[in-house]
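For reference, the structure is listed below as structure tokens.
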Amino acid sequence: MKKLLIIVLAMIMAFAMASCGGGGGGEESPYAGTWTATTCSYAGIEMDCASIFGGDFIITIENGGKYTIDLVGEGDKGNWEESENGVLLDGELEMAIDGNTGTLEYEGVLMYFEKE
């Protein structure tokens, strides 16, 4: 009888943990998704980002506060949070978001992103 009770309790705990997984309380952010750099601008000159970087520059924002960057096969991961204008990556780099368009400035280069 003890073995049966232990097995039942273990199953209940496993189901409870599985239903609570995923972090972020199951909240879905409108910012979550795949953002691909389309155009880059520097000193008034606009160019296709893929031609500048030699491939795609993609930021994937996940529900639960995680993001990944893929820059021509090289990757990085971090945490994000909502900011007044969009999202703040690792507490310092802000991507302003308006609908399905994002704008990120880094060292004078303005990059425009589209959400897929």
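Identifiers in this document derive from the order of the structure tokens: chains are assigned A, B, ..., residues are numbered from 1 separately in each chain, and ligands are numbered from 1 in order of occurrence.
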Which of segment 27-91 of chain A DSSP labels strand (DSSP E), written as an MDAnalysis selection string = chainID A and resid 33:42 45:48 57:62 66:71 74:82 86:89
Who sits within 12 Å of segment 108-112 of chain A, only C-alpha atoms, same chain under 5 positions skipped, as a PyMOL selection string = chain A and resi 35-50+52-53+57-59+94-98+100-103
Written selection (N, CA, C and O atoms) as a CSV table (one decimal), in the first residue's frame:
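The resulting part-v7.csv:
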```
chain,number,residue,atom,x,y,z
A,35,TRP,N,12.9,38.3,-35.3
A,35,TRP,CA,13.1,39.6,-35.8
A,35,TRP,C,14.4,39.6,-36.7
A,35,TRP,O,15.4,39.2,-36.3
A,36,THR,N,14.2,39.9,-38.0
A,36,THR,CA,15.3,39.8,-39.0
A,36,THR,C,15.7,41.2,-39.4
A,36,THR,O,14.8,42.0,-39.8
A,37,ALA,N,17.0,41.5,-39.3
A,37,ALA,CA,17.5,42.9,-39.8
A,37,ALA,C,17.3,43.0,-41.3
A,37,ALA,O,17.7,42.1,-42.0
A,38,THR,N,16.7,44.1,-41.7
A,38,THR,CA,16.5,44.3,-43.1
A,38,THR,C,17.4,45.4,-43.7
A,38,THR,O,18.1,45.2,-44.7
A,39,THR,N,17.4,46.6,-43.1
A,39,THR,CA,18.2,47.7,-43.6
A,39,THR,C,19.0,48.3,-42.5
A,39,THR,O,18.6,48.3,-41.3
A,40,CYS,N,20.2,48.7,-42.8
A,40,CYS,CA,21.2,49.3,-41.9
A,40,CYS,C,21.5,50.7,-42.4
A,40,CYS,O,21.6,50.9,-43.6
A,41,SER,N,21.6,51.6,-41.5
A,41,SER,CA,21.9,53.0,-41.9
A,41,SER,C,23.0,53.6,-41.1
A,41,SER,O,23.0,53.4,-39.8
A,42,TYR,N,24.0,54.2,-41.8
A,42,TYR,CA,25.1,54.8,-41.1
A,42,TYR,C,25.5,56.1,-41.8
A,42,TYR,O,25.7,56.1,-43.1
A,43,ALA,N,25.5,57.2,-41.1
A,43,ALA,CA,25.9,58.5,-41.7
A,43,ALA,C,25.0,58.8,-42.9
A,43,ALA,O,25.5,59.3,-43.9
A,44,GLY,N,23.7,58.5,-42.9
A,44,GLY,CA,22.8,58.8,-43.9
A,44,GLY,C,22.8,57.8,-45.1
A,44,GLY,O,22.1,58.0,-46.1
A,45,ILE,N,23.7,56.8,-45.1
A,45,ILE,CA,23.7,55.8,-46.1
A,45,ILE,C,23.0,54.6,-45.7
A,45,ILE,O,23.3,54.0,-44.6
A,46,GLU,N,22.0,54.1,-46.5
A,46,GLU,CA,21.3,52.9,-46.2
A,46,GLU,C,21.7,51.8,-47.1
A,46,GLU,O,22.0,51.9,-48.2
A,47,MET,N,21.8,50.6,-46.4
A,47,MET,CA,22.2,49.4,-47.2
A,47,MET,C,21.5,48.2,-46.6
A,47,MET,O,21.0,48.2,-45.5
A,48,ASP,N,21.4,47.1,-47.4
A,48,ASP,CA,20.8,45.9,-47.0
A,48,ASP,C,21.7,45.2,-45.9
A,48,ASP,O,22.9,45.1,-46.2
A,49,CYS,N,21.1,44.9,-44.8
A,49,CYS,CA,22.0,44.4,-43.7
A,49,CYS,C,22.6,43.1,-44.1
A,49,CYS,O,23.8,42.8,-43.7
A,50,ALA,N,22.0,42.2,-44.8
A,50,ALA,CA,22.6,40.9,-45.2
A,50,ALA,C,23.8,41.1,-46.0
A,50,ALA,O,24.8,40.4,-45.8
A,52,ILE,N,25.8,43.7,-45.8
A,52,ILE,CA,26.9,44.2,-44.9
A,52,ILE,C,27.5,43.1,-44.0
A,52,ILE,O,28.7,43.0,-43.9
A,53,PHE,N,26.6,42.3,-43.4
A,53,PHE,CA,27.1,41.3,-42.5
A,53,PHE,C,27.5,40.0,-43.2
A,53,PHE,O,28.2,39.1,-42.6
A,57,PHE,N,21.0,38.6,-39.9
A,57,PHE,CA,21.2,39.0,-38.5
A,57,PHE,C,19.8,38.8,-37.9
A,57,PHE,O,18.9,39.6,-38.3
A,58,ILE,N,19.6,37.9,-37.0
A,58,ILE,CA,18.3,37.5,-36.5
A,58,ILE,C,18.3,37.6,-35.0
A,58,ILE,O,19.2,37.0,-34.3
A,59,ILE,N,17.3,38.2,-34.4
A,59,ILE,CA,17.1,38.2,-32.9
A,59,ILE,C,15.8,37.5,-32.7
A,59,ILE,O,14.7,37.9,-33.2
A,94,GLU,N,18.6,48.8,-26.3
A,94,GLU,CA,17.1,48.9,-26.5
A,94,GLU,C,16.8,48.8,-28.0
A,94,GLU,O,17.4,49.4,-28.8
A,95,MET,N,15.8,47.9,-28.2
A,95,MET,CA,15.2,47.9,-29.6
A,95,MET,C,13.8,48.5,-29.5
A,95,MET,O,12.9,47.9,-28.8
A,96,ALA,N,13.6,49.6,-30.1
A,96,ALA,CA,12.3,50.3,-30.1
A,96,ALA,C,11.4,49.5,-31.1
A,96,ALA,O,11.9,49.2,-32.2
A,97,ILE,N,10.2,49.2,-30.7
A,97,ILE,CA,9.3,48.4,-31.5
A,97,ILE,C,8.0,49.2,-31.7
A,97,ILE,O,7.4,49.7,-30.8
A,98,ASP,N,7.6,49.2,-33.0
A,98,ASP,CA,6.3,49.8,-33.4
A,98,ASP,C,5.6,48.8,-34.3
A,98,ASP,O,6.0,48.6,-35.5
A,100,ASN,N,5.2,45.6,-36.1
A,100,ASN,CA,6.1,44.5,-36.6
A,100,ASN,C,7.5,45.1,-37.0
A,100,ASN,O,8.2,44.4,-37.8
A,101,THR,N,7.8,46.3,-36.7
A,101,THR,CA,9.0,46.9,-37.1
A,101,THR,C,9.8,47.3,-35.8
A,101,THR,O,9.3,47.9,-34.9
A,102,GLY,N,11.1,46.9,-35.8
A,102,GLY,CA,12.0,47.3,-34.7
A,102,GLY,C,13.1,48.1,-35.2
A,102,GLY,O,13.6,47.9,-36.3
A,103,THR,N,13.7,48.9,-34.3
A,103,THR,CA,14.8,49.8,-34.6
A,103,THR,C,15.8,49.7,-33.5
A,103,THR,O,15.4,49.8,-32.3
```
Tell me which of A:Gly86, A:Gly75, A:Gly91, A:Pro30 sits closest to Leu104 of chain A, counting only C-alpha atoms.
->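 Between A:Gly86, A:Gly75, A:Gly91, A:Pro30, the residue approaching Leu104 of chain A most closely is A:Gly86.
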A:Leu93, A:Thr34, A:Gly65, A:Gly54: which is nearest Trp80 of chain A, counting only C-alpha atoms?
->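 Between A:Leu93, A:Thr34, A:Gly65, A:Gly54, the residue approaching Trp80 of chain A most closely is A:Gly65.
Computed from the coordinates, the atom CA of Gly55 of chain A to atom CA of Val72 of chain A distance equals 5.0 Å.
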